[in-house]
file target08.cif (mmCIF, C-alpha atoms and all ligand atoms)
data_structure
loop_
_atom_site.label_atom_id
_atom_site.label_comp_id
_atom_site.auth_asym_id
_atom_site.auth_seq_id
_atom_site.Cartn_x
_atom_site.Cartn_y
_atom_site.Cartn_z
CA MET A 1 -9.45 26.50 17.21
CA SER A 2 -7.69 26.67 20.59
CA LYS A 3 -4.11 27.90 20.84
CA GLU A 4 -3.00 24.44 21.96
CA SER A 5 -4.55 22.64 19.00
CA MET A 6 -3.07 25.14 16.54
CA ALA A 7 0.33 24.31 17.97
CA ASP A 8 -0.46 20.61 17.46
CA ILE A 9 -1.33 20.96 13.76
CA PRO A 10 2.09 19.90 12.41
CA PHE A 11 1.71 16.61 14.24
CA LEU A 12 -1.90 15.82 13.34
CA PRO A 13 -2.70 13.23 10.66
CA THR A 14 -3.86 14.49 7.29
CA GLU A 15 -5.11 13.09 3.99
CA ILE A 16 -3.20 14.09 0.87
CA MET A 17 -3.73 12.56 -2.58
CA GLY A 18 -5.93 9.93 -0.95
CA LEU A 19 -3.05 8.90 1.37
CA ARG A 20 -3.31 9.14 5.14
CA LEU A 21 -0.14 10.72 6.53
CA ARG A 22 0.54 10.48 10.26
CA ASN A 23 1.59 14.14 10.34
CA ARG A 24 2.37 17.12 8.05
CA PHE A 25 6.11 16.52 7.65
CA VAL A 26 7.75 15.37 4.41
CA ARG A 27 11.36 14.37 3.92
CA SER A 28 12.21 16.34 0.83
CA ALA A 29 14.15 14.37 -1.82
CA THR A 30 17.84 14.38 -0.91
CA MET A 31 20.51 12.63 -2.98
CA GLU A 32 22.56 10.23 -0.93
CA GLY A 33 24.89 8.78 -3.59
CA MET A 34 24.85 5.57 -1.58
CA ALA A 35 23.10 3.05 -3.85
CA THR A 36 24.88 -0.13 -4.96
CA ASP A 37 26.55 -0.40 -8.39
CA ASN A 38 23.30 -1.35 -10.12
CA GLY A 39 21.36 1.47 -8.42
CA SER A 40 19.58 -0.66 -5.82
CA PRO A 41 19.41 0.32 -2.18
CA GLY A 42 21.91 -1.68 -0.12
CA PRO A 43 21.96 -2.20 3.68
CA GLU A 44 23.55 1.21 4.41
CA LEU A 45 20.94 3.14 2.45
CA ILE A 46 18.09 1.06 3.85
CA ARG A 47 19.36 1.95 7.35
CA LEU A 48 19.35 5.65 6.41
CA TYR A 49 15.71 5.43 5.30
CA GLN A 50 14.81 3.42 8.39
CA ASN A 51 16.26 6.22 10.57
CA LEU A 52 14.27 8.84 8.65
CA ALA A 53 11.07 6.84 9.06
CA SER A 54 11.61 6.08 12.74
CA GLY A 55 12.47 9.77 13.25
CA GLY A 56 8.86 10.73 12.60
CA ALA A 57 8.40 11.99 9.01
CA GLY A 58 4.89 11.34 7.65
CA LEU A 59 5.95 11.01 4.01
CA ILE A 60 9.46 10.22 2.84
CA SER A 61 10.54 11.15 -0.64
CA THR A 62 13.35 9.05 -2.04
CA SER A 63 16.26 10.89 -3.59
CA ALA A 64 16.01 11.56 -7.31
CA CYS A 65 15.74 8.09 -8.83
CA CYS A 66 17.10 7.57 -12.33
CA PRO A 67 14.59 5.90 -14.67
CA ASP A 68 17.04 5.09 -17.50
CA PRO A 69 20.82 5.31 -16.91
CA GLU A 70 21.47 4.33 -20.54
CA TRP A 71 19.83 7.49 -21.82
CA MET A 72 19.58 9.97 -18.97
CA ASN A 73 22.32 11.26 -16.70
CA CYS A 74 22.87 9.05 -13.67
CA LEU A 75 25.45 9.76 -10.97
CA LYS A 76 27.52 7.15 -9.20
CA GLY A 77 25.54 5.90 -6.22
CA GLN A 78 22.22 7.28 -7.54
CA LEU A 79 19.11 5.16 -7.07
CA VAL A 80 17.86 3.47 -10.25
CA LEU A 81 14.53 1.72 -10.78
CA ASN A 82 14.05 0.43 -14.29
CA ASP A 83 14.09 -3.34 -14.37
CA LYS A 84 12.93 -6.34 -12.46
CA SER A 85 16.43 -7.20 -11.16
CA HIS A 86 16.15 -4.22 -8.81
CA LEU A 87 12.90 -5.16 -7.20
CA SER A 88 13.83 -7.26 -4.17
CA ALA A 89 16.20 -4.70 -2.60
CA TRP A 90 13.72 -1.91 -3.31
CA LYS A 91 10.90 -3.91 -1.75
CA GLU A 92 12.94 -4.38 1.40
CA MET A 93 13.53 -0.63 1.64
CA ILE A 94 9.85 0.21 1.15
CA ARG A 95 8.81 -2.41 3.71
CA THR A 96 11.30 -0.99 6.22
CA ILE A 97 9.87 2.52 5.80
CA HIS A 98 6.28 1.30 6.09
CA ASP A 99 7.11 -0.75 9.20
CA GLN A 100 8.05 2.52 10.91
CA GLY A 101 4.69 4.13 10.08
CA ALA A 102 5.82 6.45 7.25
CA LEU A 103 4.67 6.48 3.63
CA VAL A 104 7.06 6.72 0.70
CA SER A 105 7.10 8.70 -2.52
CA LEU A 106 9.61 7.98 -5.28
CA GLN A 107 11.16 11.02 -6.95
CA LEU A 108 11.56 10.66 -10.73
CA ALA A 109 14.93 12.26 -11.47
CA PRO A 110 14.99 15.13 -13.94
CA PHE A 111 17.20 14.91 -16.98
CA VAL A 112 20.21 17.18 -17.48
CA THR A 113 21.69 15.21 -20.36
CA LEU A 114 20.06 12.90 -22.88
CA GLY A 115 22.28 10.41 -24.70
CA GLY A 116 25.30 12.11 -23.13
CA SER A 117 24.58 15.67 -24.39
CA PRO A 118 23.29 18.56 -22.29
CA ALA A 119 19.60 18.81 -23.22
CA GLY A 120 16.73 21.21 -22.65
CA PRO A 121 13.69 22.77 -24.29
CA SER A 122 15.81 25.31 -26.19
CA GLU A 123 19.41 26.16 -26.98
CA TYR A 124 19.43 28.84 -24.26
CA LYS A 125 23.23 28.51 -24.32
CA SER A 126 25.42 27.01 -26.99
CA GLY A 127 25.77 23.26 -27.09
CA VAL A 128 22.37 22.43 -25.59
CA HIS A 129 20.57 19.68 -27.50
CA VAL A 130 16.98 20.82 -28.14
CA VAL A 131 14.59 18.06 -27.05
CA SER A 132 12.40 16.93 -29.96
CA ALA A 133 8.70 16.10 -29.71
CA ASP A 134 9.61 12.40 -30.14
CA GLU A 135 12.05 12.65 -27.28
CA ILE A 136 9.36 14.24 -25.12
CA GLY A 137 7.27 11.13 -25.79
CA ARG A 138 10.21 8.94 -24.78
CA ILE A 139 10.78 10.97 -21.58
CA ALA A 140 7.11 10.49 -20.65
CA SER A 141 7.19 6.74 -21.30
CA THR A 142 10.50 6.36 -19.44
CA TYR A 143 9.03 7.98 -16.33
CA ALA A 144 5.84 5.98 -16.76
CA LYS A 145 7.73 2.67 -16.75
CA THR A 146 9.53 3.54 -13.51
CA ALA A 147 6.32 4.81 -11.90
CA ALA A 148 4.62 1.50 -12.72
CA LEU A 149 7.49 -0.45 -11.15
CA ALA A 150 7.31 1.83 -8.12
CA ARG A 151 3.65 1.07 -7.63
CA GLN A 152 4.32 -2.64 -8.07
CA ILE A 153 6.83 -2.66 -5.19
CA GLY A 154 4.52 -0.81 -2.79
CA VAL A 155 5.64 2.81 -3.20
CA ASP A 156 2.73 5.07 -2.22
CA ALA A 157 3.23 7.96 -4.68
CA ALA A 158 5.70 9.37 -7.21
CA GLN A 159 6.95 12.90 -7.67
CA VAL A 160 7.96 14.54 -10.95
CA HIS A 161 10.98 16.82 -10.39
CA ALA A 162 10.35 20.12 -12.21
CA GLY A 163 12.65 22.22 -10.10
CA HIS A 164 16.17 23.57 -9.72
CA GLY A 165 16.74 24.53 -13.36
CA TYR A 166 17.17 20.95 -14.63
CA GLY A 167 15.65 19.89 -17.96
CA LEU A 168 12.00 19.51 -16.93
CA SER A 169 12.05 22.69 -14.87
CA GLN A 170 13.38 24.55 -17.91
CA PHE A 171 10.18 23.80 -19.84
CA LEU A 172 8.25 25.99 -17.39
CA SER A 173 10.68 28.87 -17.52
CA PRO A 174 10.57 31.83 -19.92
CA TYR A 175 14.35 32.14 -19.55
CA PHE A 176 15.12 28.60 -20.71
CA ASN A 177 12.14 27.80 -22.95
CA HIS A 178 12.06 29.71 -26.27
CA ARG A 179 10.19 27.08 -28.28
CA ASP A 180 7.57 28.07 -30.80
CA ASP A 181 5.92 24.65 -31.00
CA ALA A 182 3.21 23.11 -28.77
CA TYR A 183 5.68 22.94 -25.83
CA GLY A 184 6.67 26.62 -25.64
CA GLY A 185 5.22 30.10 -25.48
CA SER A 186 1.95 30.18 -23.55
CA VAL A 187 1.56 28.94 -19.99
CA GLU A 188 -0.65 26.14 -21.41
CA ASN A 189 2.11 25.06 -23.77
CA ARG A 190 4.87 25.23 -21.18
CA THR A 191 2.95 22.77 -18.97
CA ARG A 192 2.17 20.40 -21.87
CA ILE A 193 5.12 18.07 -21.17
CA PHE A 194 3.77 17.61 -17.64
CA ARG A 195 0.34 16.67 -18.99
CA ASP A 196 2.04 14.13 -21.29
CA ILE A 197 4.01 12.66 -18.38
CA ARG A 198 0.91 12.49 -16.14
CA GLN A 199 -1.08 10.76 -18.85
CA ALA A 200 1.69 8.25 -19.62
CA ILE A 201 1.95 7.39 -15.92
CA ALA A 202 -1.83 6.94 -15.68
CA GLU A 203 -1.63 4.46 -18.57
CA THR A 204 1.12 2.30 -17.00
CA ALA A 205 0.70 2.73 -13.23
CA GLY A 206 -3.05 3.46 -13.15
CA ALA A 207 -4.85 6.79 -13.01
CA ASP A 208 -5.32 6.38 -9.25
CA PHE A 209 -1.59 6.17 -8.49
CA PRO A 210 -0.87 9.49 -6.72
CA ILE A 211 1.50 11.74 -8.65
CA TRP A 212 2.74 15.07 -7.41
CA ILE A 213 5.26 17.58 -8.66
CA LYS A 214 8.19 19.55 -7.24
CA MET A 215 8.08 22.83 -9.09
CA ASN A 216 10.22 25.95 -9.25
CA ALA A 217 8.53 29.24 -8.42
CA LEU A 218 11.75 31.29 -8.60
CA ASP A 219 14.57 30.47 -11.01
CA GLY A 220 16.92 33.14 -9.69
CA VAL A 221 18.11 34.06 -13.19
CA PRO A 222 17.27 37.37 -14.96
CA GLY A 223 14.08 36.81 -16.97
CA GLY A 224 13.43 33.51 -15.19
CA LEU A 225 10.33 32.21 -13.45
CA THR A 226 8.86 34.37 -10.66
CA PRO A 227 6.32 33.37 -7.98
CA ASP A 228 3.52 35.26 -9.79
CA GLN A 229 4.23 33.48 -13.07
CA ALA A 230 4.59 30.09 -11.38
CA ALA A 231 1.21 30.47 -9.68
CA ARG A 232 -0.43 30.31 -13.11
CA PHE A 233 0.75 26.70 -13.51
CA GLY A 234 -1.13 25.56 -10.38
CA PRO A 235 -4.64 25.19 -11.85
CA LEU A 236 -3.27 23.61 -15.05
CA LEU A 237 -1.32 21.01 -13.10
CA ALA A 238 -4.40 20.25 -11.00
CA LYS A 239 -6.43 19.76 -14.17
CA ALA A 240 -3.72 17.47 -15.56
CA GLY A 241 -4.14 15.15 -12.57
CA TYR A 242 -1.30 16.09 -10.26
CA GLY A 243 -2.32 15.61 -6.63
CA ALA A 244 -0.05 18.09 -4.83
CA ILE A 245 2.76 20.59 -5.46
CA GLU A 246 6.01 21.01 -3.58
CA VAL A 247 7.16 24.57 -4.28
CA THR A 248 10.90 25.13 -4.58
CA GLY A 249 13.33 27.40 -6.41
CA GLY A 250 16.86 27.88 -7.74
CA SER A 251 18.79 26.92 -10.85
CA MET A 252 22.13 25.43 -11.75
CA SER A 253 23.49 28.96 -12.29
CA GLY A 254 22.22 32.37 -11.18
CA SER A 255 21.58 33.89 -7.76
CA HIS A 256 19.76 30.91 -6.18
CA ASN A 257 20.16 27.15 -6.08
CA SER A 258 17.97 24.47 -4.50
CA ARG A 259 19.43 25.43 -1.11
CA GLY A 260 18.50 29.11 -1.33
CA PRO A 261 20.20 32.41 -2.20
CA LEU A 262 23.91 31.90 -2.99
CA GLU A 263 24.80 35.12 -1.20
CA LYS A 264 24.76 34.14 2.49
CA SER A 265 23.72 37.70 3.49
CA GLU A 266 20.49 37.20 1.50
CA TRP A 267 19.57 33.96 3.26
CA PHE A 268 16.46 34.07 5.44
CA GLU A 269 14.31 31.39 6.99
CA GLY A 270 11.78 29.95 4.55
CA PHE A 271 13.41 31.48 1.46
CA TYR A 272 10.95 29.91 -1.04
CA LEU A 273 7.75 30.58 0.91
CA GLU A 274 6.55 33.41 -1.35
CA GLY A 275 6.17 30.89 -4.17
CA ALA A 276 4.27 28.43 -1.95
CA THR A 277 1.90 31.19 -0.80
CA LYS A 278 1.17 32.31 -4.34
CA VAL A 279 0.66 28.82 -5.72
CA LYS A 280 -1.60 27.87 -2.81
CA ALA A 281 -3.74 30.99 -3.34
CA VAL A 282 -4.82 29.88 -6.83
CA THR A 283 -5.35 26.13 -6.50
CA ASP A 284 -7.13 23.66 -4.26
CA LEU A 285 -4.18 21.30 -4.50
CA PRO A 286 -2.25 20.65 -1.29
CA VAL A 287 1.04 22.56 -1.29
CA SER A 288 4.23 21.58 0.46
CA ALA A 289 6.64 24.35 1.42
CA VAL A 290 10.37 23.65 1.23
CA GLY A 291 13.54 25.64 1.71
CA GLY A 292 15.33 26.79 4.84
CA ILE A 293 12.53 26.00 7.29
CA ARG A 294 14.16 25.50 10.67
CA LYS A 295 11.79 26.49 13.50
CA LEU A 296 8.64 24.79 14.74
CA GLU A 297 7.10 28.19 15.42
CA MET A 298 7.43 29.11 11.75
CA ILE A 299 6.00 25.73 10.72
CA GLN A 300 2.94 26.34 12.89
CA LYS A 301 2.47 29.74 11.22
CA ILE A 302 2.87 28.31 7.71
CA LEU A 303 0.31 25.56 8.34
CA THR A 304 -2.25 27.70 10.13
CA GLY A 305 -1.81 30.82 7.98
CA GLY A 306 -2.78 29.29 4.63
CA THR A 307 0.74 29.26 3.15
CA ALA A 308 1.02 25.49 2.82
CA ASP A 309 -0.47 22.15 3.89
CA LEU A 310 2.77 20.23 4.35
CA ILE A 311 6.33 21.04 5.38
CA SER A 312 9.23 19.51 3.48
CA LEU A 313 12.62 19.30 5.15
CA SER A 314 15.91 18.15 3.67
CA ARG A 315 19.06 19.26 5.52
CA PRO A 316 17.41 19.41 8.97
CA LEU A 317 16.80 15.66 8.63
CA VAL A 318 20.37 15.06 7.44
CA ARG A 319 21.56 16.58 10.69
CA GLU A 320 18.82 15.09 12.88
CA PRO A 321 16.77 12.27 11.36
CA GLY A 322 14.82 12.24 14.66
CA LEU A 323 13.99 15.98 14.57
CA ILE A 324 10.24 15.53 14.14
CA ASN A 325 9.96 13.18 17.09
CA ARG A 326 12.15 15.53 19.13
CA TRP A 327 9.74 18.40 18.45
CA ASN A 328 6.71 16.22 19.07
CA ASP A 329 8.19 15.09 22.38
CA GLY A 330 8.38 18.72 23.55
CA ASP A 331 11.96 19.85 22.81
CA ILE A 332 11.04 22.57 20.33
CA SER A 333 14.42 24.25 19.97
CA PRO A 334 15.18 25.00 16.28
CA SER A 335 16.72 22.45 13.93
CA HIS A 336 20.44 22.14 14.64
CA CYS A 337 21.16 22.48 10.91
CA ILE A 338 23.17 25.66 10.24
CA SER A 339 22.69 25.43 6.45
CA CYS A 340 26.45 25.32 5.84
CA ASP A 341 25.91 22.97 2.85
CA GLY A 342 28.72 20.69 3.97
CA CYS A 343 26.47 17.67 3.42
CA PHE A 344 25.84 18.72 -0.19
CA LYS A 345 29.58 19.13 -0.80
CA MET A 346 30.25 15.65 0.60
CA PHE A 347 27.57 14.15 -1.64
CA VAL A 348 29.10 15.91 -4.69
CA LYS A 349 32.50 14.45 -3.77
CA GLY A 350 30.94 10.98 -3.74
CA LYS A 351 31.33 10.54 0.01
CA GLY A 352 27.68 9.74 0.78
CA LEU A 353 25.20 11.80 2.76
CA PHE A 354 26.04 12.91 6.28
CA CYS A 355 26.21 16.08 8.36
CA VAL A 356 29.78 17.38 8.48
CA GLN A 357 29.01 19.36 11.64
CA GLU A 358 27.91 16.21 13.47
CA ALA A 359 30.97 14.36 12.13
CA LYS A 360 33.20 17.18 13.44
CA LYS A 361 31.58 16.96 16.88
CA THR A 362 32.17 13.21 16.95
CA ARG A 363 35.85 13.70 15.99
CA GLU A 364 36.31 16.31 18.73
C1 LIG A 401 22.63 16.80 -0.29
C2 LIG A 401 21.40 17.31 -0.96
C3 LIG A 401 20.85 16.58 -2.01
C4 LIG A 401 19.65 17.00 -2.62
N1 LIG A 401 19.07 16.19 -3.57
C5 LIG A 401 17.87 16.53 -4.07
C6 LIG A 401 17.17 15.65 -4.92
O1 LIG A 401 17.57 14.51 -5.19
N2 LIG A 401 15.98 16.07 -5.42
C7 LIG A 401 15.43 17.28 -5.09
O2 LIG A 401 14.34 17.61 -5.55
N3 LIG A 401 16.05 18.12 -4.26
C8 LIG A 401 17.25 17.77 -3.73
N4 LIG A 401 17.84 18.59 -2.81
C9 LIG A 401 17.14 19.83 -2.40
C10 LIG A 401 16.27 19.60 -1.16
O3 LIG A 401 15.23 18.67 -1.38
C11 LIG A 401 15.61 20.91 -0.68
O4 LIG A 401 14.74 21.35 -1.70
C12 LIG A 401 16.64 21.99 -0.34
O5 LIG A 401 17.76 21.44 0.31
C13 LIG A 401 16.04 23.07 0.55
O6 LIG A 401 15.48 22.52 1.73
P1 LIG A 401 16.25 22.51 3.17
O7 LIG A 401 16.59 23.93 3.49
O8 LIG A 401 15.24 21.91 4.09
O9 LIG A 401 17.49 21.71 3.01
C14 LIG A 401 19.03 18.20 -2.20
C15 LIG A 401 19.59 18.94 -1.16
C16 LIG A 401 20.75 18.51 -0.53
C17 LIG A 401 21.30 19.29 0.63
S1 LIG A 402 26.36 19.68 6.92
FE1 LIG A 402 25.60 21.77 7.36
S2 LIG A 402 23.84 21.96 5.96
FE2 LIG A 402 24.28 19.79 6.04
S3 LIG A 402 22.97 19.00 7.69
FE3 LIG A 402 24.92 19.52 8.62
S4 LIG A 402 24.66 21.60 9.39
FE4 LIG A 402 23.02 21.24 7.91
#

call {"tool": "encode", "arguments": {"input": "target08.cif", "output": "structure tokens"}}
result
Amino acid sequence: MSKESMADIPFLPTEIMGLRLRNRFVRSATMEGMATDNGSPGPELIRLYQNLASGGAGLISTSACCPDPEWMNCLKGQLVLNDKSHLSAWKEMIRTIHDQGALVSLQLAPFVTLGGSPAGPSEYKSGVHVVSADEIGRIASTYAKTAALARQIGVDAAQVHAGHGYGLSQFLSPYFNHRDDAYGGSVENRTRIFRDIRQAIAETAGADFPIWIKMNALDGVPGGLTPDQAARFGPLLAKAGYGAIEVTGGSMSGSHNSRGPLEKSEWFEGFYLEGATKVKAVTDLPVSAVGGIRKLEMIQKILTGGTADLISLSRPLVREPGLINRWNDGDISPSHCISCDGCFKMFVKGKGLFCVQEAKKTRE
């Protein structure tokens, strides 16, 4: 392949999970906290997604979408999709994204609490409600109902969120999962809940509805998941019917969170790439790399060097929704995002999703 065409790879169309993407860029799920009181997208949020789609991303993941606010944790302003009253606003958002040439994947939010109590596979710390086998069945059917609604309104794919140390991610992890039933112990058993979810979705949304997974390959807690251990899940997830894997890392406590090492001195570009490389080496599934990717040169290396098939970006697209078009148009200077996490802090404070650095520039 010529040098020129290697440089073009990020911008060339590709087929993933039977979907034709206009390029290799994914907007990684990013909570906005900007949905209306019933969890539907309103005009402001639809505008945000329109800007992301017109900015060039091939596939846009929604933020984590709550499938059942009555039972699972749901934050103020979080997207919800669980009954027919939501459908018209959702349809408008999906249409708006499609009109700009991007496809859309709905992220199924992980649970942190169930029925108001902190919940997980095991009581890894006191006060955690241990999820029962019946509750695992209910989790699977809850996701399946939302996935079916997503398909009905024209969403192209759905993503199961098994990252960042939340409840589903904990099932994979030897640190969090101490169960001695069919859902703990062996690698087979620790992926069982994901087989259940995949099967339940196939039954409601159809086996051909593309489902992928965002998976931790580094928990960042002592005794937690490592890239080598995570790689062993790849073939099992492929066999279960997942169509692609986005490889992430971090937990709610420990040395890493979803946005990388907590210690700034340990931050480096592409901080979760080791996991992506190791997962990709053992499965034929397409892999999307996420985490601190800021330079087009690095993206070209990732895509041509066998590390990943897709590039997921979160904060760079908060700062510059038009980044991908900017690069494609020839201005290949790095993303302007300085990874200060100001946008995350604003979201946590309930102020919506925006880049504080851009806001500061505007004020000045
Ligand atoms: C404000 C904010 C909200 C986020 N919300 C989600 C989310 O809903 N689901 C998810 O899987 N990851 C979420 N993430 C993590 C990102 O998808 C991504 O994995 C992480 O920020 C690293 O990528 P980046 O360096 O390109 O930002 C969020 C990140 C930020 C900054
Ligand atoms: S607030 Fe900081 S981390 Fe967020 S987009 Fe802006 S520069 Fe990046």

call {"tool": "residues_around", "arguments": {"input": "target08.cif", "residues": "Gly56 in chain A", "least_positions_apart": "5", "cutoff": "9 Å", "atoms": "all atoms listed in the file", "output": "list in words"}}
result
Arg22, Asn23, Phe25, Asn51, Gln100, Gly101, Ala102, Pro321, Gly322, Leu323, Ile324, Asn325, Arg326 and Asn328 of chain A

call {"tool": "write_last_selection", "arguments": {"input": "target08.cif", "atoms": "C-alpha atoms", "output": "tab-separated table (two decimals), keeping the file's coordinate frame"}}
result
chain	number	residue	atom	x	y	z
A	22	ARG	CA	0.54	10.48	10.26
A	23	ASN	CA	1.59	14.14	10.34
A	25	PHE	CA	6.11	16.52	7.65
A	51	ASN	CA	16.26	6.22	10.57
A	100	GLN	CA	8.05	2.52	10.91
A	101	GLY	CA	4.69	4.13	10.08
A	102	ALA	CA	5.82	6.45	7.25
A	321	PRO	CA	16.77	12.27	11.36
A	322	GLY	CA	14.82	12.24	14.66
A	323	LEU	CA	13.99	15.98	14.57
A	324	ILE	CA	10.24	15.53	14.14
A	325	ASN	CA	9.96	13.18	17.09
A	326	ARG	CA	12.15	15.53	19.13
A	328	ASN	CA	6.71	16.22	19.07

call {"tool": "atom_distance", "arguments": {"input": "target08.cif", "atom1": "CA of Ser288 in chain A", "atom2": "CA of Asp309 in chain A"}}
result
5.8 Å

call {"tool": "residues_near_ligand", "arguments": {"input": "target08.cif", "ligand": "ligand LIG 402 (chain A)", "cutoff": "9 Å", "atoms": "only C-alpha atoms and all ligand atoms", "output": "PDB file with C-alpha atoms, in the coordinates of the input"}}
result
ATOM      1  CA  SER A 314      15.910  18.150   3.670  1.00  0.00           C
ATOM      2  CA  ARG A 315      19.060  19.260   5.520  1.00  0.00           C
ATOM      3  CA  PRO A 316      17.410  19.410   8.970  1.00  0.00           C
ATOM      4  CA  LEU A 317      16.800  15.660   8.630  1.00  0.00           C
ATOM      5  CA  VAL A 318      20.370  15.060   7.440  1.00  0.00           C
ATOM      6  CA  ARG A 319      21.560  16.580  10.690  1.00  0.00           C
ATOM      7  CA  GLU A 320      18.820  15.090  12.880  1.00  0.00           C
ATOM      8  CA  SER A 335      16.720  22.450  13.930  1.00  0.00           C
ATOM      9  CA  HIS A 336      20.440  22.140  14.640  1.00  0.00           C
ATOM     10  CA  CYS A 337      21.160  22.480  10.910  1.00  0.00           C
ATOM     11  CA  ILE A 338      23.170  25.660  10.240  1.00  0.00           C
ATOM     12  CA  SER A 339      22.690  25.430   6.450  1.00  0.00           C
ATOM     13  CA  CYS A 340      26.450  25.320   5.840  1.00  0.00           C
ATOM     14  CA  ASP A 341      25.910  22.970   2.850  1.00  0.00           C
ATOM     15  CA  GLY A 342      28.720  20.690   3.970  1.00  0.00           C
ATOM     16  CA  CYS A 343      26.470  17.670   3.420  1.00  0.00           C
ATOM     17  CA  PHE A 344      25.840  18.720  -0.190  1.00  0.00           C
ATOM     18  CA  LYS A 345      29.580  19.130  -0.800  1.00  0.00           C
ATOM     19  CA  MET A 346      30.250  15.650   0.600  1.00  0.00           C
ATOM     20  CA  LEU A 353      25.200  11.800   2.760  1.00  0.00           C
ATOM     21  CA  PHE A 354      26.040  12.910   6.280  1.00  0.00           C
ATOM     22  CA  CYS A 355      26.210  16.080   8.360  1.00  0.00           C
ATOM     23  CA  VAL A 356      29.780  17.380   8.480  1.00  0.00           C
ATOM     24  CA  GLN A 357      29.010  19.360  11.640  1.00  0.00           C
ATOM     25  CA  GLU A 358      27.910  16.210  13.470  1.00  0.00           C
ATOM     26  CA  ALA A 359      30.970  14.360  12.130  1.00  0.00           C
TER      27      ALA A 359
END

call {"tool": "atom_distance", "arguments": {"input": "target08.cif", "atom1": "CA of Glu297 in chain A", "atom2": "CA of Lys360 in chain A"}}
result
28.4 Å

call {"tool": "closest_residue", "arguments": {"input": "target08.cif", "among": "A:Leu108, A:Ala182, A:Leu296, A:Leu172", "to": "Thr142 in chain A", "atoms": "only C-alpha atoms"}}
result
A:Leu108

call {"tool": "residues_near_ligand", "arguments": {"input": "target08.cif", "ligand": "ligand LIG 401 (chain A)", "cutoff": "8 Å", "atoms": "all atoms listed in the file", "output": "PDB file with C-alpha atoms, in the frame of the given file"}}
result
ATOM      1  CA  ARG A  27      11.360  14.370   3.920  1.00  0.00           C
ATOM      2  CA  SER A  28      12.210  16.340   0.830  1.00  0.00           C
ATOM      3  CA  ALA A  29      14.150  14.370  -1.820  1.00  0.00           C
ATOM      4  CA  THR A  30      17.840  14.380  -0.910  1.00  0.00           C
ATOM      5  CA  MET A  31      20.510  12.630  -2.980  1.00  0.00           C
ATOM      6  CA  GLU A  32      22.560  10.230  -0.930  1.00  0.00           C
ATOM      7  CA  THR A  62      13.350   9.050  -2.040  1.00  0.00           C
ATOM      8  CA  SER A  63      16.260  10.890  -3.590  1.00  0.00           C
ATOM      9  CA  ALA A  64      16.010  11.560  -7.310  1.00  0.00           C
ATOM     10  CA  CYS A  65      15.740   8.090  -8.830  1.00  0.00           C
ATOM     11  CA  GLN A 107      11.160  11.020  -6.950  1.00  0.00           C
ATOM     12  CA  ALA A 109      14.930  12.260 -11.470  1.00  0.00           C
ATOM     13  CA  HIS A 161      10.980  16.820 -10.390  1.00  0.00           C
ATOM     14  CA  GLY A 163      12.650  22.220 -10.100  1.00  0.00           C
ATOM     15  CA  HIS A 164      16.170  23.570  -9.720  1.00  0.00           C
ATOM     16  CA  LYS A 214       8.190  19.550  -7.240  1.00  0.00           C
ATOM     17  CA  THR A 248      10.900  25.130  -4.580  1.00  0.00           C
ATOM     18  CA  GLY A 249      13.330  27.400  -6.410  1.00  0.00           C
ATOM     19  CA  SER A 258      17.970  24.470  -4.500  1.00  0.00           C
ATOM     20  CA  ARG A 259      19.430  25.430  -1.110  1.00  0.00           C
ATOM     21  CA  GLY A 260      18.500  29.110  -1.330  1.00  0.00           C
ATOM     22  CA  GLY A 270      11.780  29.950   4.550  1.00  0.00           C
ATOM     23  CA  VAL A 290      10.370  23.650   1.230  1.00  0.00           C
ATOM     24  CA  GLY A 291      13.540  25.640   1.710  1.00  0.00           C
ATOM     25  CA  GLY A 292      15.330  26.790   4.840  1.00  0.00           C
ATOM     26  CA  ILE A 293      12.530  26.000   7.290  1.00  0.00           C
ATOM     27  CA  ARG A 294      14.160  25.500  10.670  1.00  0.00           C
ATOM     28  CA  SER A 312       9.230  19.510   3.480  1.00  0.00           C
ATOM     29  CA  LEU A 313      12.620  19.300   5.150  1.00  0.00           C
ATOM     30  CA  SER A 314      15.910  18.150   3.670  1.00  0.00           C
ATOM     31  CA  ARG A 315      19.060  19.260   5.520  1.00  0.00           C
ATOM     32  CA  PRO A 316      17.410  19.410   8.970  1.00  0.00           C
ATOM     33  CA  LEU A 317      16.800  15.660   8.630  1.00  0.00           C
ATOM     34  CA  SER A 339      22.690  25.430   6.450  1.00  0.00           C
ATOM     35  CA  ASP A 341      25.910  22.970   2.850  1.00  0.00           C
ATOM     36  CA  CYS A 343      26.470  17.670   3.420  1.00  0.00           C
ATOM     37  CA  PHE A 344      25.840  18.720  -0.190  1.00  0.00           C
ATOM     38  CA  LYS A 345      29.580  19.130  -0.800  1.00  0.00           C
ATOM     39  CA  MET A 346      30.250  15.650   0.600  1.00  0.00           C
ATOM     40  CA  PHE A 347      27.570  14.150  -1.640  1.00  0.00           C
ATOM     41  CA  VAL A 348      29.100  15.910  -4.690  1.00  0.00           C
ATOM     42  CA  LEU A 353      25.200  11.800   2.760  1.00  0.00           C
TER      43      LEU A 353
END

call {"tool": "atom_distance", "arguments": {"input": "target08.cif", "atom1": "CA of Val112 in chain A", "atom2": "CA of Met72 in chain A"}}
result
7.4 Å
